[in-house]
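Right, one structure below, let's go through it.
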Amino acid sequence: MRSAEATKVLQAACDLAPVIAARAGDIESGRRLPMDLLGQFKQAGFFRAFVPRSHGGDEVDLRTGCEVLETLARADGAAGWTTMIGMESPHLFALLSRERFDAIYSAGPDVIMGGAFNAQGQAVVEKGGYRVTGRWGFASGCEHCDWLFANCVVMQDGQPRPGPVPGVPLTRAMLLPAREVRIIDTWNALGLRGTGSHDLALEGAFCPEENTFDIFFGASQVPGPGFVAPVLHFVLHMGAVSLGIAQGAVDELVKLVTTGKRRMYARVPLSESPVFQLELGRVDTSVRAARALLYSTADEFWAACVDNPASAAAVAPRLSATLAWVTETASNVVETCYRAGGASSLKDGSALQRRFRDIYTFRQHAAAAEGWFGQAGASLLGQPTGFWT
């Protein structure tokens with residue numbers, strides 16, 4: 001049964017969806033969430049959705065969080081993606097000490113973190129912390145963050161420290177107030193243009209030890225199922241955004257066709273074409289199948305987090321394969337919708353064109369790569385799956 005807080009935040013997403021859709025052009029041309037819309041998102045409670053109730057948040061369950069993100073991405077892909085990054089802030093803050101977590105949320109629950117997961121910098125060990133230098137790409141939503149992190153290879157005496165995986169150096173995320181990080185305007189991309197995923201840069205900045213964490217192997221210092229294996233939650237959040245983009249494309253196609261669109265030389269409107277009806281039925285079924293897989297997998301993972309947290313990591317190969325399949329299916333759906341839209345899809349400002357660009361930009365993300373199917377296959381064969389085991 002959904003909590004009152006969860007019901008409220010999901011309803012807020014539904015209520016804001018038409019507003020977001022109407023602002024899609026502004027989001028894309030501005031290459032970020034407009035500040036007034038960001039304010040509405042804060043008021044709606046999106047960025048405190050996963051924050052514990054003990055710290056002023058709503059502490060919603062995984063399914064509700066995914067439904068919120070799907071709803072937002074259905075309205076606009078970039079809005080869904082950027083909100084996802086902000087919503088996940090408490091998962092990463094939880095990898096700090098409990099004292100730091102408490103201090104960060106002492107002034108309120110609407111604290112937004114962003115940053116870069118790829119270890120593209122170096123953190124040289126110093127007394128009390130690290131001296132950090134590097135440049136990192138793809139820091140979505142960085143322009144409105146309160147805190148920014150940058151993942152680094154940890155260096156000591158001129159050499160990388162060994163990490164928990166043999167042959168792989170130790171990495172650690174360096175967390176700094178956003179005002180101390182230089183943002184380089186680089187985000188000119190095919191799609192998801194409104195995410196503002198610019199580069200970050202640091203030159204010899206000092207980061208105290210207490211403001212560092214291990215993204216992939218760190219242990220959460222906050223109790224509760226929402227903080228078990230934080231990065232695995234992110235995999236399902238991404239699937240929800242991908243699903244929302246696909247559903248949005250189907251919505252746009254239906255809207256276009258019901259205006260009486262007729263292909264050149266066609267005898268009947270597109271809505272009366274049996275071939276079109278077949279394709280529309282196929283993409284709708286594909287979206288529903290992807291939704292069923294995503295949420296059944298989310299429920300399985302959430303149950304493990306609630307009932308047996310130690311077993312949650314074992315679900316990881318299936319989670320990653322689910323994201324890869326949902327994203328693959330979503331891109332096929334959007335491509336079909338784009339083609340069915342005919343010449344209307346070609347024009348700048350076309351919602352179908354934007355959906356097409358968004359989903360193919362999304363599909364380039366390493367977390368959605370088809371190689372994750374191999375991890376799931378290895379797991380079925382009882383063989384090592386690499387990253388998570």
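Identifiers in the structure tokens: chain A, B, ... in order shown; residue index from 1 per chain; ligand index from 1 in order shown.
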Exercise for review: Check the DSSP output for the backbone and give back, as a list in words, the residues of range 160-367 of chain A in strand (DSSP E).
Suggested key: Pro160, Thr171, Arg172, Ala173, Met174, Leu175, Leu176, Pro177, Arg182, Ile183, Ile184, His198, Asp199, Leu200, Ala201, Leu202, Glu203, Gly204, Ala205, Phe206, Cys207, Pro208, Thr212 and Phe213 of chain A
Produce a table with one row for each residue of range 23-93 of chain A that has an atom at most 8 Å from any atom of range 127-149 of chain A, each row naming the nearest atom pair and its distance in Å at one decimal; use only C-alpha atoms; arrange rows by chain and rising residue number; format as a Markdown table.
| residue | atom | partner | partner_atom | distance |
| --- | --- | --- | --- | --- |
| A:Arg32 | CA | A:Gly141 | CA | 7.0 |
| A:Leu33 | CA | A:Gly141 | CA | 7.9 |
| A:Thr82 | CA | A:Gly141 | CA | 5.7 |
| A:Ile85 | CA | A:Ser140 | CA | 7.1 |
| A:Gly86 | CA | A:Gly141 | CA | 7.8 |
Grab the residues selected above and save them as an mmCIF file, in the first residue's frame with C-alpha atoms.
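part_14.cif, written as the output of this step:
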data_model
loop_
_atom_site.group_PDB
_atom_site.id
_atom_site.type_symbol
_atom_site.label_atom_id
_atom_site.label_comp_id
_atom_site.auth_asym_id
_atom_site.auth_seq_id
_atom_site.Cartn_x
_atom_site.Cartn_y
_atom_site.Cartn_z
ATOM 1 C CA ARG A 32 18.742 23.340 -18.565
ATOM 2 C CA LEU A 33 15.638 23.337 -16.385
ATOM 3 C CA THR A 82 17.593 15.949 -14.583
ATOM 4 C CA ILE A 85 19.841 13.109 -10.763
ATOM 5 C CA GLY A 86 18.546 15.449 -8.063
#
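Among the candidates A:Val68, A:Leu200, A:Ala310, A:Ala189, the residue lying nearest to Gln364 in chain A is A:Ala189 (atoms considered: only C-alpha atoms).
Atom to atom, CA of Glu370 in chain A and CA of Thr327 in chain A stand 9.5 Å apart.
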Point to revise | Test item, alpha helix (DSSP H) assignment across range 333-371 of chain A, answer as a PyMOL selection string | key: chain A and resi 333-340+351-362+371
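From CA of Ala123 in chain A back to CA of Arg100 in chain A, the distance works out to 20.2 Å.
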**Study point:** Non-local contacts of Gly218 in chain A (9 Å; only C-alpha atoms; under 4 positions in same chain excluded) as a ChimeraX atom specification
**Key:** /A:95-96,213-214,229
Print the selection's residues with N, CA and C atoms to a file, as a compact mmCIF listing (two decimals), in the first residue's frame.
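That gives us again19.txt:
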# COMPACT_ATOMS: atom_id res chain seq x y z
N LEU A 95 26.52 7.67 1.54
CA LEU A 95 27.82 6.99 1.51
C LEU A 95 28.89 7.76 2.29
N LEU A 96 28.54 8.97 2.75
CA LEU A 96 29.39 9.71 3.67
C LEU A 96 29.15 9.17 5.08
N PHE A 213 33.69 9.73 -0.74
CA PHE A 213 32.96 8.46 -0.63
C PHE A 213 33.29 7.58 -1.83
N ASP A 214 33.01 6.29 -1.68
CA ASP A 214 33.21 5.31 -2.74
C ASP A 214 31.86 5.04 -3.38
N ALA A 229 22.43 -0.75 -1.29
CA ALA A 229 23.05 -0.77 -2.64
C ALA A 229 22.54 0.39 -3.49
Review point. Contacts of Ala173 in chain A at 10 Å or less, counting only C-alpha atoms, minus same-chain residues fewer than 4 places along, as a ChimeraX atom specification?
Key: /A:92,115-119,121,123,148-154,207,211-216
Now that the selection is made, can you save its residues with N, CA and C atoms as a compact mmCIF listing (two decimals), in the first residue's frame?
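Result went into result_6.txt, see below:
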# COMPACT_ATOMS: atom_id res chain seq x y z
N LEU A 92 23.57 9.08 -2.49
CA LEU A 92 25.01 9.31 -2.50
C LEU A 92 25.49 9.96 -1.21
N GLY A 115 27.14 15.46 -10.37
CA GLY A 115 28.56 15.20 -10.54
C GLY A 115 28.85 14.19 -11.63
N ALA A 116 30.05 13.60 -11.55
CA ALA A 116 30.55 12.74 -12.60
C ALA A 116 31.02 11.42 -12.01
N PHE A 117 30.51 10.33 -12.53
CA PHE A 117 30.82 8.99 -12.02
C PHE A 117 32.14 8.45 -12.58
N ASN A 118 32.50 8.87 -13.77
CA ASN A 118 33.72 8.34 -14.39
C ASN A 118 34.95 8.97 -13.73
N ALA A 119 35.92 8.14 -13.37
CA ALA A 119 37.10 8.64 -12.65
C ALA A 119 38.07 9.31 -13.62
N GLY A 121 39.74 12.21 -12.92
CA GLY A 121 40.67 13.09 -12.23
C GLY A 121 41.55 12.31 -11.29
N ALA A 123 43.20 12.31 -7.26
CA ALA A 123 43.13 12.82 -5.89
C ALA A 123 44.38 12.37 -5.16
N LEU A 148 28.65 19.29 -5.71
CA LEU A 148 29.09 18.57 -6.89
C LEU A 148 30.19 17.58 -6.50
N PHE A 149 30.15 16.40 -7.08
CA PHE A 149 31.20 15.42 -6.81
C PHE A 149 31.92 15.09 -8.10
N ALA A 150 33.17 14.66 -7.95
CA ALA A 150 33.99 14.26 -9.09
C ALA A 150 34.76 13.00 -8.69
N ASN A 151 34.57 11.92 -9.44
CA ASN A 151 35.23 10.67 -9.10
C ASN A 151 36.69 10.71 -9.56
N CYS A 152 37.58 10.20 -8.72
CA CYS A 152 39.01 10.30 -8.96
C CYS A 152 39.73 8.98 -8.70
N VAL A 153 40.86 8.82 -9.37
CA VAL A 153 41.82 7.78 -9.00
C VAL A 153 42.64 8.33 -7.83
N VAL A 154 42.73 7.56 -6.76
CA VAL A 154 43.47 8.00 -5.57
C VAL A 154 44.95 7.72 -5.77
N CYS A 207 40.05 18.67 -0.86
CA CYS A 207 38.80 18.06 -0.41
C CYS A 207 39.07 17.29 0.87
N ASN A 211 34.49 14.48 3.27
CA ASN A 211 33.65 14.79 2.12
C ASN A 211 33.95 13.88 0.94
N THR A 212 34.42 12.68 1.20
CA THR A 212 34.71 11.74 0.12
C THR A 212 33.94 10.43 0.35
N PHE A 213 33.69 9.73 -0.74
CA PHE A 213 32.96 8.46 -0.63
C PHE A 213 33.29 7.58 -1.83
N ASP A 214 33.01 6.29 -1.68
CA ASP A 214 33.21 5.31 -2.74
C ASP A 214 31.86 5.04 -3.38
N ILE A 215 31.71 5.45 -4.64
CA ILE A 215 30.42 5.35 -5.31
C ILE A 215 29.96 3.90 -5.44
N PHE A 216 30.87 3.04 -5.87
CA PHE A 216 30.46 1.69 -6.28
C PHE A 216 30.61 0.63 -5.19
Check your understanding: Could you pull the residues within 10 Å of Arg291 in chain A, counting only C-alpha atoms, minus those fewer than 6 positions along the same chain, as a ChimeraX atom specification?
Key -> /A:70,239-240,243-244,247,285,297,326
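Distances here use only C-alpha atoms; by that measure, the residue among A:Ala22, A:Leu270, A:Met35, A:Ala292 closest to Val254 in chain A is A:Leu270.
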**Study point:** Spatial neighbours of Ala368 in chain A, max dist 12 Å, only C-alpha atoms, sep filter under 5 positions, as a ChimeraX atom specification
**Key:** /A:234-239,241-242,319-331,359-363,373
Prev. selection, N, CA and C atoms, output as a PDB file, in the first residue's frame:
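Output file part_33.pdb follows:
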ATOM      1  N   PHE A 234      19.707   3.287  -8.878  1.00  0.00           N
ATOM      2  CA  PHE A 234      19.864   4.197 -10.011  1.00  0.00           C
ATOM      3  C   PHE A 234      19.579   3.496 -11.335  1.00  0.00           C
ATOM      4  N   VAL A 235      19.947   2.223 -11.429  1.00  0.00           N
ATOM      5  CA  VAL A 235      19.725   1.456 -12.658  1.00  0.00           C
ATOM      6  C   VAL A 235      18.236   1.433 -12.998  1.00  0.00           C
ATOM      7  N   LEU A 236      17.409   1.215 -12.008  1.00  0.00           N
ATOM      8  CA  LEU A 236      15.964   1.158 -12.242  1.00  0.00           C
ATOM      9  C   LEU A 236      15.380   2.542 -12.492  1.00  0.00           C
ATOM     10  N   HIS A 237      15.928   3.553 -11.832  1.00  0.00           N
ATOM     11  CA  HIS A 237      15.483   4.924 -12.115  1.00  0.00           C
ATOM     12  C   HIS A 237      15.701   5.266 -13.582  1.00  0.00           C
ATOM     13  N   MET A 238      16.864   4.888 -14.103  1.00  0.00           N
ATOM     14  CA  MET A 238      17.158   5.152 -15.513  1.00  0.00           C
ATOM     15  C   MET A 238      16.166   4.430 -16.420  1.00  0.00           C
ATOM     16  N   GLY A 239      15.834   3.207 -16.070  1.00  0.00           N
ATOM     17  CA  GLY A 239      14.846   2.475 -16.854  1.00  0.00           C
ATOM     18  C   GLY A 239      13.513   3.195 -16.902  1.00  0.00           C
ATOM     19  N   VAL A 241      13.011   6.444 -16.720  1.00  0.00           N
ATOM     20  CA  VAL A 241      13.128   7.597 -17.624  1.00  0.00           C
ATOM     21  C   VAL A 241      13.047   7.142 -19.075  1.00  0.00           C
ATOM     22  N   SER A 242      13.749   6.067 -19.408  1.00  0.00           N
ATOM     23  CA  SER A 242      13.703   5.520 -20.763  1.00  0.00           C
ATOM     24  C   SER A 242      12.272   5.145 -21.145  1.00  0.00           C
ATOM     25  N   LEU A 319      19.059  -6.638 -12.863  1.00  0.00           N
ATOM     26  CA  LEU A 319      18.716  -5.218 -12.925  1.00  0.00           C
ATOM     27  C   LEU A 319      19.347  -4.565 -14.144  1.00  0.00           C
ATOM     28  N   SER A 320      20.635  -4.815 -14.342  1.00  0.00           N
ATOM     29  CA  SER A 320      21.334  -4.190 -15.462  1.00  0.00           C
ATOM     30  C   SER A 320      20.808  -4.703 -16.800  1.00  0.00           C
ATOM     31  N   ALA A 321      20.510  -5.985 -16.886  1.00  0.00           N
ATOM     32  CA  ALA A 321      19.939  -6.526 -18.116  1.00  0.00           C
ATOM     33  C   ALA A 321      18.559  -5.924 -18.369  1.00  0.00           C
ATOM     34  N   THR A 322      17.814  -5.691 -17.311  1.00  0.00           N
ATOM     35  CA  THR A 322      16.493  -5.059 -17.455  1.00  0.00           C
ATOM     36  C   THR A 322      16.628  -3.668 -18.039  1.00  0.00           C
ATOM     37  N   LEU A 323      17.569  -2.880 -17.521  1.00  0.00           N
ATOM     38  CA  LEU A 323      17.775  -1.538 -18.070  1.00  0.00           C
ATOM     39  C   LEU A 323      18.160  -1.614 -19.544  1.00  0.00           C
ATOM     40  N   ALA A 324      19.076  -2.508 -19.886  1.00  0.00           N
ATOM     41  CA  ALA A 324      19.503  -2.631 -21.282  1.00  0.00           C
ATOM     42  C   ALA A 324      18.328  -2.992 -22.185  1.00  0.00           C
ATOM     43  N   TRP A 325      17.480  -3.930 -21.741  1.00  0.00           N
ATOM     44  CA  TRP A 325      16.347  -4.358 -22.574  1.00  0.00           C
ATOM     45  C   TRP A 325      15.272  -3.278 -22.661  1.00  0.00           C
ATOM     46  N   VAL A 326      14.971  -2.641 -21.548  1.00  0.00           N
ATOM     47  CA  VAL A 326      13.963  -1.573 -21.559  1.00  0.00           C
ATOM     48  C   VAL A 326      14.410  -0.436 -22.474  1.00  0.00           C
ATOM     49  N   THR A 327      15.688  -0.074 -22.408  1.00  0.00           N
ATOM     50  CA  THR A 327      16.192   1.013 -23.246  1.00  0.00           C
ATOM     51  C   THR A 327      16.204   0.616 -24.718  1.00  0.00           C
ATOM     52  N   GLU A 328      16.605  -0.603 -24.999  1.00  0.00           N
ATOM     53  CA  GLU A 328      16.577  -1.111 -26.375  1.00  0.00           C
ATOM     54  C   GLU A 328      15.153  -1.104 -26.919  1.00  0.00           C
ATOM     55  N   THR A 329      14.219  -1.584 -26.124  1.00  0.00           N
ATOM     56  CA  THR A 329      12.815  -1.606 -26.532  1.00  0.00           C
ATOM     57  C   THR A 329      12.282  -0.190 -26.712  1.00  0.00           C
ATOM     58  N   ALA A 330      12.623   0.690 -25.786  1.00  0.00           N
ATOM     59  CA  ALA A 330      12.162   2.076 -25.874  1.00  0.00           C
ATOM     60  C   ALA A 330      12.679   2.748 -27.143  1.00  0.00           C
ATOM     61  N   SER A 331      13.940   2.508 -27.483  1.00  0.00           N
ATOM     62  CA  SER A 331      14.489   3.141 -28.686  1.00  0.00           C
ATOM     63  C   SER A 331      13.801   2.612 -29.938  1.00  0.00           C
ATOM     64  N   ILE A 359      16.080   9.616 -26.931  1.00  0.00           N
ATOM     65  CA  ILE A 359      16.263   8.200 -26.598  1.00  0.00           C
ATOM     66  C   ILE A 359      17.563   7.658 -27.166  1.00  0.00           C
ATOM     67  N   TYR A 360      18.000   8.169 -28.319  1.00  0.00           N
ATOM     68  CA  TYR A 360      19.261   7.677 -28.862  1.00  0.00           C
ATOM     69  C   TYR A 360      20.463   8.288 -28.157  1.00  0.00           C
ATOM     70  N   THR A 361      20.290   9.432 -27.567  1.00  0.00           N
ATOM     71  CA  THR A 361      21.322   9.964 -26.677  1.00  0.00           C
ATOM     72  C   THR A 361      21.377   9.122 -25.404  1.00  0.00           C
ATOM     73  N   PHE A 362      20.227   8.811 -24.856  1.00  0.00           N
ATOM     74  CA  PHE A 362      20.120   7.965 -23.668  1.00  0.00           C
ATOM     75  C   PHE A 362      20.800   6.625 -23.915  1.00  0.00           C
ATOM     76  N   ARG A 363      20.561   6.053 -25.077  1.00  0.00           N
ATOM     77  CA  ARG A 363      21.054   4.697 -25.345  1.00  0.00           C
ATOM     78  C   ARG A 363      22.576   4.621 -25.396  1.00  0.00           C
ATOM     79  N   PHE A 373      23.737  -7.672 -20.848  1.00  0.00           N
ATOM     80  CA  PHE A 373      23.072  -8.964 -21.038  1.00  0.00           C
ATOM     81  C   PHE A 373      24.046 -10.108 -20.753  1.00  0.00           C
TER      82      PHE A 373
END
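Proximity to Ala376 in chain A at 10 Å, evaluated using only C-alpha atoms and with sequence-adjacent residues fewer than 2 positions away removed, yields Val315, Ala316, Pro317, Arg318, Leu319, Ser320, Ala321, Thr322, Gly371, Trp372, Phe373, Gly374, Ala378, Ser379, Leu380, Leu381, Gly382, Gln383 and Thr385 of chain A.
The interatomic distance for the pair CA of Met1 in chain A and CA of Leu62 in chain A works out to 12.7 Å.
Among the candidates A:Ala75, A:Ile27, A:Ile112, A:Leu38, the one nearest to Cys14 in chain A when counting only C-alpha atoms is A:Ala75.
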